[in-house]
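Have a look at input37.cif below; it lists mmCIF, C-alpha atoms.
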data_upload
#
loop_
_atom_site.label_atom_id
_atom_site.label_comp_id
_atom_site.auth_asym_id
_atom_site.auth_seq_id
_atom_site.Cartn_x
_atom_site.Cartn_y
_atom_site.Cartn_z
CA MET A 1 12.42 9.41 -24.08
CA ARG A 2 15.01 12.01 -23.11
CA ASN A 3 14.16 15.63 -22.53
CA LYS A 4 16.58 17.44 -24.85
CA SER A 5 15.07 20.90 -24.49
CA PRO A 6 17.58 23.69 -23.76
CA GLU A 7 15.89 24.41 -20.40
CA ALA A 8 16.27 20.82 -19.17
CA LYS A 9 20.01 21.04 -18.63
CA HIS A 10 19.64 24.06 -16.32
CA HIS A 11 17.42 22.45 -13.69
CA ARG A 12 20.32 20.93 -11.72
CA LEU A 13 18.05 18.03 -10.77
CA ILE A 14 20.68 15.95 -8.97
CA TYR A 15 21.74 18.91 -6.85
CA LEU A 16 18.15 19.95 -6.09
CA LEU A 17 17.11 16.40 -5.23
CA ASN A 18 20.09 15.93 -2.87
CA VAL A 19 19.61 19.26 -1.12
CA ALA A 20 15.88 18.67 -0.73
CA GLN A 21 16.46 15.20 0.73
CA ARG A 22 19.07 16.43 3.22
CA ARG A 23 16.98 19.40 4.36
CA LEU A 24 13.87 17.28 4.78
CA GLN A 25 15.78 14.62 6.76
CA ARG A 26 17.34 17.27 9.03
CA TRP A 27 13.98 18.98 9.56
CA ILE A 28 12.30 15.68 10.45
CA ALA A 29 15.11 14.74 12.83
CA ALA A 30 14.83 18.11 14.59
CA GLN A 31 11.13 17.71 15.38
CA ARG A 32 10.58 17.22 19.08
CA SER A 33 7.44 15.15 18.59
CA SER A 34 9.30 12.49 16.65
CA GLU A 35 10.25 9.50 18.78
CA VAL A 36 11.73 7.68 15.80
CA THR A 37 14.12 8.25 12.94
CA PRO A 38 12.72 8.39 9.41
CA ALA A 39 14.11 4.88 8.80
CA GLN A 40 12.38 3.54 11.91
CA ALA A 41 9.14 5.21 10.83
CA GLY A 42 9.48 3.47 7.47
CA LEU A 43 9.83 0.12 9.20
CA LEU A 44 6.77 0.85 11.34
CA PHE A 45 4.76 1.78 8.23
CA ILE A 46 5.68 -1.54 6.62
CA LEU A 47 4.69 -3.47 9.73
CA GLY A 48 1.50 -1.44 9.99
CA LYS A 49 0.48 -2.84 6.61
CA GLN A 50 1.67 -6.39 7.30
CA ASP A 51 2.90 -7.28 10.74
CA GLY A 52 5.35 -10.16 10.96
CA VAL A 53 7.20 -9.65 7.67
CA LEU A 54 10.49 -11.36 7.01
CA MET A 55 13.48 -9.12 7.65
CA GLY A 56 14.55 -9.50 4.03
CA GLU A 57 11.11 -8.35 2.84
CA ALA A 58 11.26 -5.32 5.10
CA GLY A 59 14.76 -4.54 3.85
CA ALA A 60 13.67 -4.79 0.23
CA ALA A 61 10.70 -2.52 0.86
CA LEU A 62 13.02 0.06 2.45
CA ASP A 63 15.71 -0.41 -0.22
CA MET A 64 18.20 -1.68 2.38
CA GLY A 65 20.63 -4.56 2.30
CA PRO A 66 20.88 -7.27 4.95
CA ALA A 67 23.30 -5.35 7.19
CA GLY A 68 21.21 -2.19 7.00
CA ILE A 69 17.90 -3.83 7.88
CA SER A 70 19.54 -5.87 10.63
CA GLY A 71 20.90 -2.72 12.27
CA LEU A 72 17.58 -0.92 11.86
CA VAL A 73 15.67 -3.80 13.45
CA ASP A 74 18.25 -3.98 16.27
CA ARG A 75 17.85 -0.26 17.03
CA SER A 76 14.06 -0.48 16.77
CA ALA A 77 13.98 -3.52 19.06
CA ALA A 78 16.22 -1.72 21.58
CA ALA A 79 13.67 1.13 21.53
CA ARG A 80 10.94 -1.51 22.15
CA LEU A 81 9.15 -0.62 18.91
CA VAL A 82 9.47 -4.08 17.34
CA GLU A 83 10.48 -7.58 18.23
CA ARG A 84 12.32 -10.07 16.10
CA ARG A 85 11.19 -13.69 16.16
CA ALA A 86 12.49 -16.77 14.37
CA ASP A 87 10.32 -17.89 11.47
CA ARG A 88 8.35 -21.03 12.34
CA GLU A 89 9.16 -22.75 9.06
CA ASP A 90 12.73 -21.59 8.52
CA GLY A 91 14.77 -21.28 11.70
CA ARG A 92 17.41 -19.25 9.84
CA ALA A 93 14.92 -16.52 8.91
CA PHE A 94 13.48 -13.88 11.21
CA ARG A 95 10.19 -12.03 11.18
CA VAL A 96 9.61 -8.59 12.65
CA TRP A 97 6.53 -7.73 14.71
CA LEU A 98 5.19 -4.48 16.13
CA THR A 99 5.08 -4.12 19.89
CA PRO A 100 2.29 -2.19 21.66
CA LYS A 101 4.67 0.77 21.92
CA GLY A 102 5.43 0.41 18.21
CA ARG A 103 1.71 0.63 17.39
CA THR A 104 1.39 3.82 19.43
CA VAL A 105 4.45 5.37 17.81
CA LEU A 106 3.18 4.27 14.37
CA ALA A 107 -0.05 6.23 14.91
CA GLN A 108 1.98 9.36 15.76
CA ALA A 109 4.30 8.79 12.79
CA ARG A 110 1.28 8.59 10.48
CA ALA A 111 -0.03 11.91 11.80
CA ASP A 112 3.40 13.52 11.51
CA THR A 113 3.82 12.22 7.97
CA ALA A 114 0.41 13.54 6.93
CA ALA A 115 1.39 17.00 8.21
CA ILE A 116 4.74 16.89 6.41
CA ASN A 117 3.09 15.75 3.17
CA ALA A 118 0.60 18.63 3.48
CA THR A 119 3.52 21.06 3.78
CA LEU A 120 5.38 19.44 0.88
CA THR A 121 2.38 19.66 -1.45
CA GLU A 122 1.26 23.15 -0.42
CA GLY A 123 1.01 25.48 -3.41
CA PHE A 124 0.87 22.66 -5.98
CA THR A 125 -2.10 21.14 -7.73
CA SER A 126 -2.87 17.44 -7.50
CA ALA A 127 -1.87 17.08 -11.14
CA GLU A 128 1.52 18.67 -10.43
CA ILE A 129 2.11 16.40 -7.45
CA ASP A 130 1.13 13.39 -9.58
CA ILE A 131 3.87 14.37 -12.04
CA VAL A 132 6.45 14.80 -9.27
CA ALA A 133 5.50 11.41 -7.80
CA ARG A 134 5.70 9.81 -11.25
CA TRP A 135 9.13 11.37 -11.83
CA LEU A 136 10.49 10.23 -8.45
CA THR A 137 9.14 6.72 -9.04
CA SER A 138 10.73 6.67 -12.48
CA ILE A 139 14.14 7.18 -10.85
CA GLN A 140 13.70 3.86 -9.06
CA ASP A 141 12.79 2.21 -12.35
CA LYS A 142 15.68 3.79 -14.25
CA PHE A 143 18.24 2.99 -11.56
CA PRO A 144 17.11 -0.29 -9.97
CA ARG A 145 18.90 -1.39 -6.82
CA ASP A 146 20.32 -4.55 -8.41
CA SER A 147 21.90 -2.65 -11.30
CA ILE A 148 23.68 -0.33 -8.86
CA ARG A 149 25.11 -3.31 -6.98
CA ASP A 150 26.23 -4.91 -10.26
CA ILE A 151 28.04 -1.73 -11.38
CA ALA A 152 29.79 -1.39 -8.01
CA ARG A 153 30.94 -4.99 -8.19
CA ASP A 154 32.36 -4.91 -11.72
CA PRO A 155 32.55 -1.49 -13.39
CA GLU A 156 34.11 -2.97 -16.57
CA GLU A 157 30.98 -4.87 -17.56
#

Would you encode the structure as structure tokens?
Amino acid sequence: MRNKSPEAKHHRLIYLLNVAQRRLQRWIAAQRSSEVTPAQAGLLFILGKQDGVLMGEAGAALDMGPAGISGLVDRSAAARLVERRADREDGRAFRVWLTPKGRTVLAQARADTAAINATLTEGFTSAEIDIVARWLTSIQDKFPRDSIRDIARDPEE
């Protein structure tokens, strides 16, 4: 269902979403307490829920392709946050595991994220935040990753 109200076209949602994302990323990167990038924190969160995931699973959870997740894992391994090990059943596949340092950094990332989320939600009711979360999630449903790849590959179809 489209929102065709006259006010809807004046919200500049794409602009506001892009500016908000850039400002939040820059703010997070500027924090002295952060030992990791937002992408690395995302990887740690995934491994905190299920250590030893396949790289492809981690990439899918982070909405990254093979090259992106490979680079992220490489950088995270160089920082001694994770280690990559060959899968026991498929020698071509790799699993990613938290290191002791990664577990420590994960705990700090969780605390930092809780503080950021508190700031982001300040001044809004739970019901309002539920609507924002539903709207942001709907973007992923309306523009699935595979459909974006298909359009980029063949715009005539």

Mind working out the centre and edge lengths of an axis-aligned box for region 42-59 of chain A, all listed atoms inside, 8 Å added to each side, rounded to one decimal in Å and written as JSON?
{"center_x": 7.6, "center_y": -3.9, "center_z": 7.1, "size_x": 30.3, "size_y": 30.8, "size_z": 24.5}

Review point. Restricting the calculation to all atoms listed in the file, which member of A:Leu13, A:Met55, A:Ala79, A:Ala133 is positioned closest to Thr121 (chain A)?
Key: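 For Thr121 (chain A), the nearest of the candidates is A:Ala133.
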
Enumerate, in order of chain and increasing residue number, the residues of region 70-150 of chain A with an atom no farther than 12 Å from region 32-47 of chain A, each with its shortest atom pair and distance in Å to one decimal, counting all atoms listed in the file, as a Markdown table.
| residue | atom | partner | partner_atom | distance |
| --- | --- | --- | --- | --- |
| A:Ser70 | CA | A:Leu43 | CA | 11.5 |
| A:Gly71 | CA | A:Gln40 | CA | 10.6 |
| A:Leu72 | CA | A:Gln40 | CA | 6.9 |
| A:Val73 | CA | A:Gln40 | CA | 8.2 |
| A:Asp74 | CA | A:Gln40 | CA | 10.5 |
| A:Arg75 | CA | A:Gln40 | CA | 8.4 |
| A:Ser76 | CA | A:Gln40 | CA | 6.5 |
| A:Ala77 | CA | A:Gln40 | CA | 10.2 |
| A:Ala78 | CA | A:Gln40 | CA | 11.7 |
| A:Ala79 | CA | A:Val36 | CA | 8.9 |
| A:Arg80 | CA | A:Val36 | CA | 11.2 |
| A:Leu81 | CA | A:Leu44 | CA | 8.1 |
| A:Val82 | CA | A:Leu44 | CA | 8.2 |
| A:Glu83 | CA | A:Leu47 | CA | 11.1 |
| A:Arg84 | CA | A:Leu47 | CA | 11.9 |
| A:Arg95 | CA | A:Leu47 | CA | 10.3 |
| A:Val96 | CA | A:Leu47 | CA | 7.7 |
| A:Trp97 | CA | A:Leu47 | CA | 6.8 |
| A:Leu98 | CA | A:Leu47 | CA | 6.5 |
| A:Thr99 | CA | A:Leu44 | CA | 10.0 |
| A:Pro100 | CA | A:Leu44 | CA | 11.7 |
| A:Lys101 | CA | A:Leu44 | CA | 10.8 |
| A:Gly102 | CA | A:Leu44 | CA | 7.0 |
| A:Arg103 | CA | A:Leu44 | CA | 7.9 |
| A:Thr104 | CA | A:Leu44 | CA | 10.2 |
| A:Val105 | CA | A:Glu35 | CA | 7.2 |
| A:Leu106 | CA | A:Leu44 | CA | 5.8 |
| A:Ala107 | CA | A:Phe45 | CA | 9.4 |
| A:Gln108 | CA | A:Ser34 | CA | 8.0 |
| A:Ala109 | CA | A:Ala41 | CA | 6.3 |
| A:Arg110 | CA | A:Phe45 | CA | 8.0 |
| A:Ala111 | CA | A:Ser34 | CA | 10.5 |
| A:Asp112 | CA | A:Ser34 | CA | 7.9 |
| A:Thr113 | CA | A:Ala41 | CA | 9.3 |

Review point. How far is it from CA of Ile28 (chain A) to CA of Ala118 (chain A), in Å with one decimal?
Key: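 We find that CA of Ile28 (chain A) and CA of Ala118 (chain A) lie 13.9 Å from each other.
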